[in-house]
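So this one's query_13.cif, mmCIF, C-alpha atoms:
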```cif
data_structure
#
loop_
_atom_site.group_PDB
_atom_site.id
_atom_site.type_symbol
_atom_site.label_atom_id
_atom_site.label_comp_id
_atom_site.auth_asym_id
_atom_site.auth_seq_id
_atom_site.Cartn_x
_atom_site.Cartn_y
_atom_site.Cartn_z
ATOM 1 C CA MET A 262 -18.844 -2.148 0.735
ATOM 2 C CA GLU A 263 -15.226 -3.139 1.446
ATOM 3 C CA GLN A 264 -16.406 -5.513 4.146
ATOM 4 C CA GLU A 265 -18.791 -7.185 1.685
ATOM 5 C CA LEU A 266 -16.063 -7.595 -0.943
ATOM 6 C CA LEU A 267 -13.703 -9.088 1.601
ATOM 7 C CA SER A 268 -16.379 -11.486 2.812
ATOM 8 C CA TRP A 269 -16.780 -12.657 -0.801
ATOM 9 C CA VAL A 270 -13.056 -13.415 -0.908
ATOM 10 C CA SER A 271 -13.300 -15.266 2.403
ATOM 11 C CA GLN A 272 -16.328 -17.226 1.242
ATOM 12 C CA TYR A 273 -15.596 -17.877 -2.457
ATOM 13 C CA GLY A 274 -11.801 -17.734 -2.346
ATOM 14 C CA ALA A 275 -9.784 -17.555 -5.539
ATOM 15 C CA VAL A 276 -12.783 -17.180 -7.862
ATOM 16 C CA ALA A 277 -13.974 -14.023 -6.094
ATOM 17 C CA LEU A 278 -10.424 -12.682 -5.918
ATOM 18 C CA PHE A 279 -9.975 -13.186 -9.668
ATOM 19 C CA GLY A 280 -13.229 -11.422 -10.572
ATOM 20 C CA LEU A 281 -12.852 -8.524 -8.164
ATOM 21 C CA LEU A 282 -9.256 -7.798 -9.170
ATOM 22 C CA ALA A 283 -10.100 -7.939 -12.887
ATOM 23 C CA LEU A 284 -13.001 -5.515 -12.415
ATOM 24 C CA GLY A 285 -10.892 -3.259 -10.194
ATOM 25 C CA ILE A 286 -8.152 -2.931 -12.812
ATOM 26 C CA VAL A 287 -10.741 -2.049 -15.464
ATOM 27 C CA GLY A 288 -11.816 0.842 -13.266
ATOM 28 C CA LEU A 289 -14.631 -0.238 -10.964
ATOM 29 C CA PRO A 290 -14.235 1.012 -7.396
ATOM 30 C CA VAL A 291 -12.683 -2.114 -5.899
ATOM 31 C CA PRO A 292 -9.989 -1.694 -3.205
ATOM 32 C CA ASN A 293 -7.400 -3.850 -4.980
ATOM 33 C CA GLU A 294 -4.528 -3.254 -2.573
ATOM 34 C CA THR A 295 -6.742 -4.086 0.383
ATOM 35 C CA LEU A 296 -8.056 -7.237 -1.296
ATOM 36 C CA LEU A 297 -4.563 -8.496 -2.041
ATOM 37 C CA THR A 298 -3.255 -7.647 1.413
ATOM 38 C CA VAL A 299 -6.157 -9.382 3.147
ATOM 39 C CA ALA A 300 -5.869 -12.364 0.767
ATOM 40 C CA GLY A 301 -2.210 -12.697 1.775
ATOM 41 C CA ALA A 302 -3.229 -12.619 5.437
ATOM 42 C CA LEU A 303 -5.893 -15.275 4.781
ATOM 43 C CA VAL A 304 -3.244 -17.468 3.136
ATOM 44 C CA ARG A 305 -1.072 -17.128 6.228
ATOM 45 C CA LYS A 306 -3.979 -18.044 8.493
ATOM 46 C CA GLY A 307 -4.726 -21.083 6.320
ATOM 47 C CA ASP A 308 -8.149 -19.859 5.181
ATOM 48 C CA LEU A 309 -6.984 -19.677 1.539
ATOM 49 C CA SER A 310 -4.521 -21.915 -0.316
ATOM 50 C CA LEU A 311 -1.324 -20.275 -1.549
ATOM 51 C CA ILE A 312 -1.110 -21.503 -5.155
ATOM 52 C CA PRO A 313 -4.777 -20.939 -6.158
ATOM 53 C CA THR A 314 -4.654 -17.493 -4.535
ATOM 54 C CA LEU A 315 -1.465 -16.526 -6.401
ATOM 55 C CA VAL A 316 -2.798 -17.823 -9.709
ATOM 56 C CA ALA A 317 -6.192 -16.147 -9.284
ATOM 57 C CA ALA A 318 -4.665 -12.818 -8.251
ATOM 58 C CA CYS A 319 -2.153 -12.741 -11.123
ATOM 59 C CA ALA A 320 -4.755 -13.923 -13.639
ATOM 60 C CA GLY A 321 -7.303 -11.373 -12.409
ATOM 61 C CA ASN A 322 -4.853 -8.499 -12.758
ATOM 62 C CA VAL A 323 -3.612 -9.679 -16.153
ATOM 63 C CA SER A 324 -7.192 -10.161 -17.397
ATOM 64 C CA GLY A 325 -8.234 -6.726 -16.165
ATOM 65 C CA VAL A 326 -5.314 -4.912 -17.748
ATOM 66 C CA THR A 327 -5.816 -6.829 -21.015
ATOM 67 C CA LEU A 328 -9.487 -5.863 -21.066
ATOM 68 C CA SER A 329 -8.529 -2.228 -20.480
ATOM 69 C CA TYR A 330 -6.048 -2.405 -23.373
ATOM 70 C CA LEU A 331 -8.751 -3.879 -25.641
ATOM 71 C CA ILE A 332 -11.195 -1.152 -24.602
ATOM 72 C CA GLY A 333 -8.612 1.461 -25.549
ATOM 73 C CA ARG A 334 -7.775 -0.307 -28.798
ATOM 74 C CA TYR A 335 -11.305 -0.911 -30.066
ATOM 75 C CA ALA A 336 -13.386 1.756 -28.342
ATOM 76 C CA GLY A 337 -10.694 4.417 -28.417
ATOM 77 C CA ASP A 338 -11.394 5.699 -31.918
ATOM 78 C CA HIS A 339 -15.117 5.110 -32.023
ATOM 79 C CA PHE A 340 -16.335 6.115 -28.592
ATOM 80 C CA LEU A 341 -13.672 7.440 -26.278
ATOM 81 C CA LYS A 342 -12.102 9.897 -28.714
ATOM 82 C CA ARG A 343 -15.498 11.077 -29.897
ATOM 83 C CA TYR A 344 -16.920 11.834 -26.454
ATOM 84 C CA LEU A 345 -13.763 12.366 -24.405
ATOM 85 C CA ARG A 346 -11.568 13.986 -27.054
ATOM 86 C CA HIS A 347 -9.436 16.239 -24.848
ATOM 87 C CA GLY A 348 -8.965 13.633 -22.128
ATOM 88 C CA MET A 349 -7.959 10.928 -24.615
ATOM 89 C CA ASP A 350 -5.536 13.241 -26.419
ATOM 90 C CA THR A 351 -3.916 14.125 -23.088
ATOM 91 C CA LEU A 352 -3.763 10.458 -22.088
ATOM 92 C CA GLU A 353 -2.199 9.399 -25.396
ATOM 93 C CA HIS A 354 0.367 12.222 -25.274
ATOM 94 C CA TRP A 355 1.254 11.297 -21.696
ATOM 95 C CA PHE A 356 1.544 7.633 -22.662
ATOM 96 C CA GLU A 357 3.755 8.338 -25.689
ATOM 97 C CA ARG A 358 6.059 10.437 -23.512
ATOM 98 C CA ILE A 359 6.375 8.025 -20.581
ATOM 99 C CA GLY A 360 5.612 4.869 -22.537
ATOM 100 C CA LYS A 361 6.247 1.335 -21.493
ATOM 101 C CA TRP A 362 7.462 2.134 -17.989
ATOM 102 C CA ALA A 363 4.060 3.572 -17.136
ATOM 103 C CA LEU A 364 2.610 0.148 -17.885
ATOM 104 C CA ALA A 365 5.011 -1.628 -15.562
ATOM 105 C CA PHE A 366 5.043 0.815 -12.669
ATOM 106 C CA GLY A 367 1.642 2.470 -13.096
ATOM 107 C CA TYR A 368 0.178 -0.222 -10.867
ATOM 108 C CA PHE A 369 1.876 1.351 -7.888
ATOM 109 C CA ILE A 370 0.164 4.709 -8.367
ATOM 110 C CA PRO A 371 -3.545 4.688 -7.498
ATOM 111 C CA GLY A 372 -5.629 5.854 -10.440
ATOM 112 C CA VAL A 373 -2.801 5.500 -12.942
ATOM 113 C CA ARG A 374 -3.165 1.723 -13.227
ATOM 114 C CA HIS A 375 -6.678 2.249 -14.558
ATOM 115 C CA VAL A 376 -5.738 4.466 -17.481
ATOM 116 C CA THR A 377 -2.322 3.292 -18.680
ATOM 117 C CA ALA A 378 -3.657 0.242 -20.507
ATOM 118 C CA ILE A 379 -6.439 2.272 -22.126
ATOM 119 C CA GLY A 380 -3.829 4.821 -23.259
ATOM 120 C CA ALA A 381 -1.643 2.042 -24.642
ATOM 121 C CA GLY A 382 -4.528 0.546 -26.584
ATOM 122 C CA SER A 383 -5.820 3.819 -28.004
ATOM 123 C CA SER A 384 -2.353 4.993 -29.022
ATOM 124 C CA GLY A 385 -1.751 1.807 -31.023
ATOM 125 C CA PHE A 386 1.009 0.470 -28.767
ATOM 126 C CA PRO A 387 1.882 -3.043 -30.029
ATOM 127 C CA PHE A 388 0.245 -5.793 -27.977
ATOM 128 C CA HIS A 389 3.429 -7.836 -27.503
ATOM 129 C CA GLU A 390 5.203 -4.795 -26.027
ATOM 130 C CA PHE A 391 2.169 -3.980 -23.927
ATOM 131 C CA ALA A 392 2.012 -7.549 -22.596
ATOM 132 C CA ARG A 393 5.675 -7.642 -21.662
ATOM 133 C CA TYR A 394 5.568 -4.506 -19.522
ATOM 134 C CA ALA A 395 1.988 -4.574 -18.243
ATOM 135 C CA TYR A 396 2.010 -8.237 -17.256
ATOM 136 C CA SER A 397 5.343 -8.004 -15.469
ATOM 137 C CA GLY A 398 4.075 -4.953 -13.578
ATOM 138 C CA ALA A 399 0.850 -6.772 -12.684
ATOM 139 C CA ILE A 400 2.710 -9.795 -11.373
ATOM 140 C CA LEU A 401 5.194 -7.696 -9.382
ATOM 141 C CA TRP A 402 2.369 -5.640 -7.858
ATOM 142 C CA THR A 403 0.378 -8.781 -7.033
ATOM 143 C CA PHE A 404 3.302 -10.518 -5.346
ATOM 144 C CA LEU A 405 4.170 -7.374 -3.387
ATOM 145 C CA PHE A 406 0.728 -6.922 -1.847
ATOM 146 C CA LEU A 407 0.052 -10.625 -1.314
ATOM 147 C CA GLY A 408 3.469 -10.873 0.343
ATOM 148 C CA LEU A 409 2.746 -7.809 2.431
ATOM 149 C CA GLY A 410 -0.464 -9.394 3.682
ATOM 150 C CA TYR A 411 1.238 -12.715 4.264
ATOM 151 C CA PHE A 412 4.150 -11.332 6.256
ATOM 152 C CA ILE A 413 2.212 -8.820 8.323
ATOM 153 C CA GLY A 414 -0.936 -10.938 8.391
ATOM 154 C CA ALA A 415 -0.646 -11.728 12.063
ATOM 155 C CA HIS A 416 -0.290 -8.020 12.803
ATOM 156 C CA LEU A 417 -3.014 -6.622 10.537
ATOM 157 C CA PRO A 418 -4.979 -3.753 12.058
ATOM 158 C CA ASP A 419 -8.605 -4.410 12.946
ATOM 159 C CA SER A 420 -9.903 -1.596 10.746
ATOM 160 C CA LEU A 421 -10.217 -2.162 7.000
ATOM 161 C CA VAL A 422 -9.903 1.586 6.493
ATOM 162 C CA GLU A 423 -6.499 1.496 8.192
ATOM 163 C CA ILE A 424 -5.402 -1.424 5.986
ATOM 164 C CA HIS A 425 -6.535 0.460 2.880
ATOM 165 C CA HIS A 426 -4.697 3.633 3.931
ATOM 166 C CA LYS A 427 -1.491 1.722 4.600
ATOM 167 C CA ALA A 428 -1.744 -0.043 1.233
ATOM 168 C CA LEU A 429 -2.302 3.283 -0.555
ATOM 169 C CA PHE A 430 0.661 4.768 1.296
ATOM 170 C CA LEU A 431 2.863 1.921 0.038
ATOM 171 C CA CYS A 432 1.598 2.519 -3.505
ATOM 172 C CA LEU A 433 2.457 6.198 -3.253
ATOM 173 C CA ILE A 434 5.942 5.374 -1.954
ATOM 174 C CA GLY A 435 6.423 2.964 -4.879
ATOM 175 C CA GLY A 436 5.207 5.610 -7.334
ATOM 176 C CA LEU A 437 7.517 8.198 -5.811
ATOM 177 C CA CYS A 438 10.478 5.825 -6.196
ATOM 178 C CA VAL A 439 9.620 5.303 -9.866
ATOM 179 C CA ALA A 440 9.263 9.062 -10.425
ATOM 180 C CA LEU A 441 12.588 9.775 -8.729
ATOM 181 C CA TYR A 442 14.281 7.117 -10.829
ATOM 182 C CA GLU A 443 12.832 8.649 -14.002
ATOM 183 C CA VAL A 444 13.994 12.151 -13.012
ATOM 184 C CA PHE A 445 17.466 10.811 -12.184
ATOM 185 C CA ARG A 446 17.628 8.952 -15.506
ATOM 186 C CA ARG A 447 16.619 12.057 -17.477
ATOM 187 C CA LEU A 448 19.105 14.273 -15.656
ATOM 188 C CA GLN A 449 21.824 11.733 -16.312
ATOM 189 C CA ALA A 450 20.902 11.624 -20.025
ATOM 190 C CA ARG A 451 21.014 15.450 -20.238
ATOM 191 C CA GLY A 452 24.419 15.450 -18.549
ATOM 192 C CA GLN A 453 25.774 13.003 -21.118
ATOM 193 C CA ARG A 454 24.510 15.149 -24.012
ATOM 194 C CA THR A 455 26.309 18.289 -22.834
#
```
What does this structure look like when you write it as structure tokens?
Amino acid sequence: MEQELLSWVSQYGAVALFGLLALGIVGLPVPNETLLTVAGALVRKGDLSLIPTLVAACAGNVSGVTLSYLIGRYAGDHFLKRYLRHGMDTLEHWFERIGKWALAFGYFIPGVRHVTAIGAGSSGFPFHEFARYAYSGAILWTFLFLGLGYFIGAHLPDSLVEIHHKALFLCLIGGLCVALYEVFRRLQARGQRT
């Protein structure tokens, strides 16, 4: 399946990249990190143009996260909370505790990027606040993986599975850095209170 998705990007370029990234952020099983990394490599090789690829990737991620927010906002009370009550309560509690930083850095943790926007929408998080943090996280994440593909494009492994594993590893490292920062910040705040 990954090979087919990547061939769509090679064949249809920015349009396919936009659609696949938007659907991947909403929660469909699309290897987003792999797509962005390979798109960056294709830009380096000259198979894709830089500006349309950047615009399509950023717009696809922003569209996907906005759609997820709207699903949480409008389907949260009527459908999600009715049929997934415990899961939605847990998600909203988690979102209220971690808040806006989960929107910005949740992209770097596989699986988290799919639920943070839904949690923000269902918990009534204001759209302007959501947009500020979620869109900046989407753009940072997009530039990181496109840049990764661009700069290591000449040295990409032959196996798509290996590319995907390396991209997931980088996401986990990014998520670990965010978690360590949060722990450090909380310990520092506790130290100031005592």
Would you mind listing, for every residue of segment 372-407 of chain A within 7 Å of segment 279-296 of chain A, the two atoms forming the shortest contact and the distance between them in Å to one decimal, using all atoms listed in the file, sorted by chain and ascending residue number, as a tab-separated table?
```
residue	atom	partner	partner_atom	distance
A:Arg374	CA	A:Ile286	CA	6.8
A:His375	CA	A:Gly288	CA	5.5
A:Phe406	CA	A:Glu294	CA	6.5
```
message: Just want the 9 Å neighbourhood of Val304 of chain A, counted on all atoms listed in the file, with same-chain residues fewer than 3 positions away dropped. Output as a PyMOL selection string.
response: chain A and resi 299-301+307-311+314+407+410-411+414
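Comparing the minimum interatomic distances between Tyr273 of chain A and each of A:Thr298, A:Lys361, A:Gly436, A:Pro313, counting all atoms listed in the file, we find that A:Pro313 sits nearest.
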query: Using all atoms listed in the file, which of A:Ala378, A:Leu303, A:Val444, A:Ala317 sits nearest Phe391 of chain A?
result: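 When distances to Phe391 of chain A are compared using all atoms listed in the file, the smallest one comes from A:Ala378.
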query: Can you tell me how far atom CA of Gly274 of chain A sits from atom CA of Lys306 of chain A, in Å to one decimal?
result: 13.4 Å
- request: To verify the selection step, state as a PyMOL selection string which residues the PyMOL selection byres ((chain A and resi 382) around 7) yields on this input.
  value: chain A and resi 330-331+333-334+378-381+383-386
- request: Have a look at A:Arg454, A:Ala336, A:Gln449, A:Ala365 and name the one nearest to Leu401 of chain A; count all atoms listed in the file.
  value: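 Going through A:Arg454, A:Ala336, A:Gln449, A:Ala365 one by one, the smallest distance to Leu401 of chain A is for A:Ala365.
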query: Hey, can you check how far atom CA of Leu364 of chain A sits from atom CA of Tyr396 of chain A?
result: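 It comes out at 8.4 Å.
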message: Measuring between all atoms listed in the file, which one of A:Ile312, A:Leu405, A:Leu448, A:Ile332 shows the shortest distance to Val376 of chain A?
response: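 Of the candidates, the smallest distance to Val376 of chain A is held by A:Ile332.
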statement: Computed gap from atom CA of Ala275 of chain A to atom CA of Val316 of chain A is 8.1 Å
- prompt: Taking (-1.0, -6.6, -25.3) in the file's coordinates as the center, which residues reach within 7 Å of it, counting all atoms listed in the file, put as a ChimeraX atom specification?
  reply: /A:327,330,387-392
Top pick for closest residue to Phe369 of chain A, considering A:Gly408, A:Gly325, A:Gly435, A:Gly452 and counting all atoms listed in the file: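 Closest to Phe369 of chain A of all the choices is A:Gly435.
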- request: Would you mind telling me which residue in A:Ala440, A:Thr377, A:Trp362, A:Leu278 lies nearest to Tyr394 of chain A when using all atoms listed in the file?
  value: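 Between A:Ala440, A:Thr377, A:Trp362, A:Leu278, the residue approaching Tyr394 of chain A most closely is A:Trp362.
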Write segment 358-369 of chain A as a PDB file, keeping the file's coordinate frame, completed to all heavy atoms.
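Full text of out.pdb as output:
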```pdb
ATOM      1  N   ARG A 358       4.890   9.840 -24.147  1.00  0.00           N
ATOM      2  CA  ARG A 358       6.059  10.437 -23.512  1.00  0.00           C
ATOM      3  C   ARG A 358       6.674   9.487 -22.479  1.00  0.00           C
ATOM      4  O   ARG A 358       7.875   9.305 -22.445  1.00  0.00           O
ATOM      5  CB  ARG A 358       5.661  11.749 -22.843  1.00  0.00           C
ATOM      6  CG  ARG A 358       6.812  12.605 -22.442  1.00  0.00           C
ATOM      7  CD  ARG A 358       6.310  13.870 -21.852  1.00  0.00           C
ATOM      8  NE  ARG A 358       5.178  13.494 -20.985  1.00  0.00           N
ATOM      9  CZ  ARG A 358       4.682  14.249 -20.032  1.00  0.00           C
ATOM     10  NH1 ARG A 358       5.165  15.423 -19.837  1.00  0.00           N
ATOM     11  NH2 ARG A 358       3.675  13.846 -19.303  1.00  0.00           N
ATOM     12  N   ILE A 359       5.861   8.889 -21.639  1.00  0.00           N
ATOM     13  CA  ILE A 359       6.375   8.025 -20.581  1.00  0.00           C
ATOM     14  C   ILE A 359       6.491   6.589 -21.057  1.00  0.00           C
ATOM     15  O   ILE A 359       7.415   5.879 -20.693  1.00  0.00           O
ATOM     16  CB  ILE A 359       5.488   8.126 -19.324  1.00  0.00           C
ATOM     17  CG1 ILE A 359       5.551   9.542 -18.784  1.00  0.00           C
ATOM     18  CG2 ILE A 359       5.910   7.127 -18.277  1.00  0.00           C
ATOM     19  CD1 ILE A 359       4.660   9.803 -17.628  1.00  0.00           C
ATOM     20  N   GLY A 360       5.540   6.153 -21.863  1.00  0.00           N
ATOM     21  CA  GLY A 360       5.612   4.869 -22.537  1.00  0.00           C
ATOM     22  C   GLY A 360       5.509   3.633 -21.676  1.00  0.00           C
ATOM     23  O   GLY A 360       4.752   3.573 -20.730  1.00  0.00           O
ATOM     24  N   LYS A 361       6.340   2.684 -22.055  1.00  0.00           N
ATOM     25  CA  LYS A 361       6.247   1.335 -21.493  1.00  0.00           C
ATOM     26  C   LYS A 361       6.452   1.274 -19.992  1.00  0.00           C
ATOM     27  O   LYS A 361       5.893   0.407 -19.321  1.00  0.00           O
ATOM     28  CB  LYS A 361       7.225   0.433 -22.205  1.00  0.00           C
ATOM     29  CG  LYS A 361       8.643   0.948 -22.186  1.00  0.00           C
ATOM     30  CD  LYS A 361       9.504   0.205 -23.164  1.00  0.00           C
ATOM     31  CE  LYS A 361      10.850   0.895 -23.233  1.00  0.00           C
ATOM     32  NZ  LYS A 361      11.570   0.598 -24.421  1.00  0.00           N
ATOM     33  N   TRP A 362       7.218   2.184 -19.430  1.00  0.00           N
ATOM     34  CA  TRP A 362       7.462   2.134 -17.989  1.00  0.00           C
ATOM     35  C   TRP A 362       6.214   2.490 -17.211  1.00  0.00           C
ATOM     36  O   TRP A 362       6.035   2.052 -16.076  1.00  0.00           O
ATOM     37  CB  TRP A 362       8.639   3.022 -17.612  1.00  0.00           C
ATOM     38  CG  TRP A 362       9.886   2.506 -18.236  1.00  0.00           C
ATOM     39  CD1 TRP A 362      10.596   3.086 -19.245  1.00  0.00           C
ATOM     40  CD2 TRP A 362      10.549   1.271 -17.937  1.00  0.00           C
ATOM     41  NE1 TRP A 362      11.656   2.294 -19.595  1.00  0.00           N
ATOM     42  CE2 TRP A 362      11.648   1.167 -18.800  1.00  0.00           C
ATOM     43  CE3 TRP A 362      10.312   0.242 -17.039  1.00  0.00           C
ATOM     44  CZ2 TRP A 362      12.510   0.087 -18.783  1.00  0.00           C
ATOM     45  CZ3 TRP A 362      11.182  -0.842 -17.024  1.00  0.00           C
ATOM     46  CH2 TRP A 362      12.254  -0.906 -17.882  1.00  0.00           C
ATOM     47  N   ALA A 363       5.333   3.271 -17.797  1.00  0.00           N
ATOM     48  CA  ALA A 363       4.060   3.572 -17.136  1.00  0.00           C
ATOM     49  C   ALA A 363       3.223   2.320 -16.997  1.00  0.00           C
ATOM     50  O   ALA A 363       2.478   2.163 -16.035  1.00  0.00           O
ATOM     51  CB  ALA A 363       3.298   4.632 -17.923  1.00  0.00           C
ATOM     52  N   LEU A 364       3.345   1.411 -17.964  1.00  0.00           N
ATOM     53  CA  LEU A 364       2.610   0.148 -17.885  1.00  0.00           C
ATOM     54  C   LEU A 364       3.123  -0.712 -16.736  1.00  0.00           C
ATOM     55  O   LEU A 364       2.353  -1.326 -16.015  1.00  0.00           O
ATOM     56  CB  LEU A 364       2.735  -0.625 -19.195  1.00  0.00           C
ATOM     57  CG  LEU A 364       1.985  -0.053 -20.376  1.00  0.00           C
ATOM     58  CD1 LEU A 364       2.418  -0.741 -21.656  1.00  0.00           C
ATOM     59  CD2 LEU A 364       0.493  -0.184 -20.170  1.00  0.00           C
ATOM     60  N   ALA A 365       4.428  -0.763 -16.581  1.00  0.00           N
ATOM     61  CA  ALA A 365       5.011  -1.628 -15.562  1.00  0.00           C
ATOM     62  C   ALA A 365       4.842  -1.057 -14.163  1.00  0.00           C
ATOM     63  O   ALA A 365       4.523  -1.779 -13.222  1.00  0.00           O
ATOM     64  CB  ALA A 365       6.491  -1.858 -15.854  1.00  0.00           C
ATOM     65  N   PHE A 366       5.042   0.240 -14.009  1.00  0.00           N
ATOM     66  CA  PHE A 366       5.043   0.815 -12.669  1.00  0.00           C
ATOM     67  C   PHE A 366       3.796   1.630 -12.356  1.00  0.00           C
ATOM     68  O   PHE A 366       3.646   2.119 -11.246  1.00  0.00           O
ATOM     69  CB  PHE A 366       6.300   1.658 -12.463  1.00  0.00           C
ATOM     70  CG  PHE A 366       7.541   0.825 -12.499  1.00  0.00           C
ATOM     71  CD1 PHE A 366       8.402   0.892 -13.592  1.00  0.00           C
ATOM     72  CD2 PHE A 366       7.832  -0.046 -11.472  1.00  0.00           C
ATOM     73  CE1 PHE A 366       9.541   0.107 -13.632  1.00  0.00           C
ATOM     74  CE2 PHE A 366       8.968  -0.838 -11.500  1.00  0.00           C
ATOM     75  CZ  PHE A 366       9.818  -0.759 -12.589  1.00  0.00           C
ATOM     76  N   GLY A 367       2.893   1.754 -13.328  1.00  0.00           N
ATOM     77  CA  GLY A 367       1.642   2.470 -13.096  1.00  0.00           C
ATOM     78  C   GLY A 367       0.758   1.791 -12.070  1.00  0.00           C
ATOM     79  O   GLY A 367      -0.097   2.425 -11.459  1.00  0.00           O
ATOM     80  N   TYR A 368       0.952   0.504 -11.871  1.00  0.00           N
ATOM     81  CA  TYR A 368       0.178  -0.222 -10.867  1.00  0.00           C
ATOM     82  C   TYR A 368       0.385   0.349  -9.473  1.00  0.00           C
ATOM     83  O   TYR A 368      -0.494   0.262  -8.632  1.00  0.00           O
ATOM     84  CB  TYR A 368       0.605  -1.692 -10.831  1.00  0.00           C
ATOM     85  CG  TYR A 368       0.047  -2.493 -11.952  1.00  0.00           C
ATOM     86  CD1 TYR A 368       0.770  -2.665 -13.120  1.00  0.00           C
ATOM     87  CD2 TYR A 368      -1.203  -3.073 -11.855  1.00  0.00           C
ATOM     88  CE1 TYR A 368       0.258  -3.394 -14.161  1.00  0.00           C
ATOM     89  CE2 TYR A 368      -1.721  -3.810 -12.891  1.00  0.00           C
ATOM     90  CZ  TYR A 368      -0.991  -3.963 -14.045  1.00  0.00           C
ATOM     91  OH  TYR A 368      -1.507  -4.677 -15.078  1.00  0.00           O
ATOM     92  N   PHE A 369       1.538   0.899  -9.223  1.00  0.00           N
ATOM     93  CA  PHE A 369       1.876   1.351  -7.888  1.00  0.00           C
ATOM     94  C   PHE A 369       1.357   2.746  -7.587  1.00  0.00           C
ATOM     95  O   PHE A 369       1.530   3.235  -6.484  1.00  0.00           O
ATOM     96  CB  PHE A 369       3.392   1.294  -7.697  1.00  0.00           C
ATOM     97  CG  PHE A 369       3.914  -0.107  -7.776  1.00  0.00           C
ATOM     98  CD1 PHE A 369       4.357  -0.637  -8.975  1.00  0.00           C
ATOM     99  CD2 PHE A 369       3.912  -0.913  -6.653  1.00  0.00           C
ATOM    100  CE1 PHE A 369       4.813  -1.943  -9.055  1.00  0.00           C
ATOM    101  CE2 PHE A 369       4.365  -2.220  -6.721  1.00  0.00           C
ATOM    102  CZ  PHE A 369       4.811  -2.736  -7.921  1.00  0.00           C
TER     103      PHE A 369
END
```
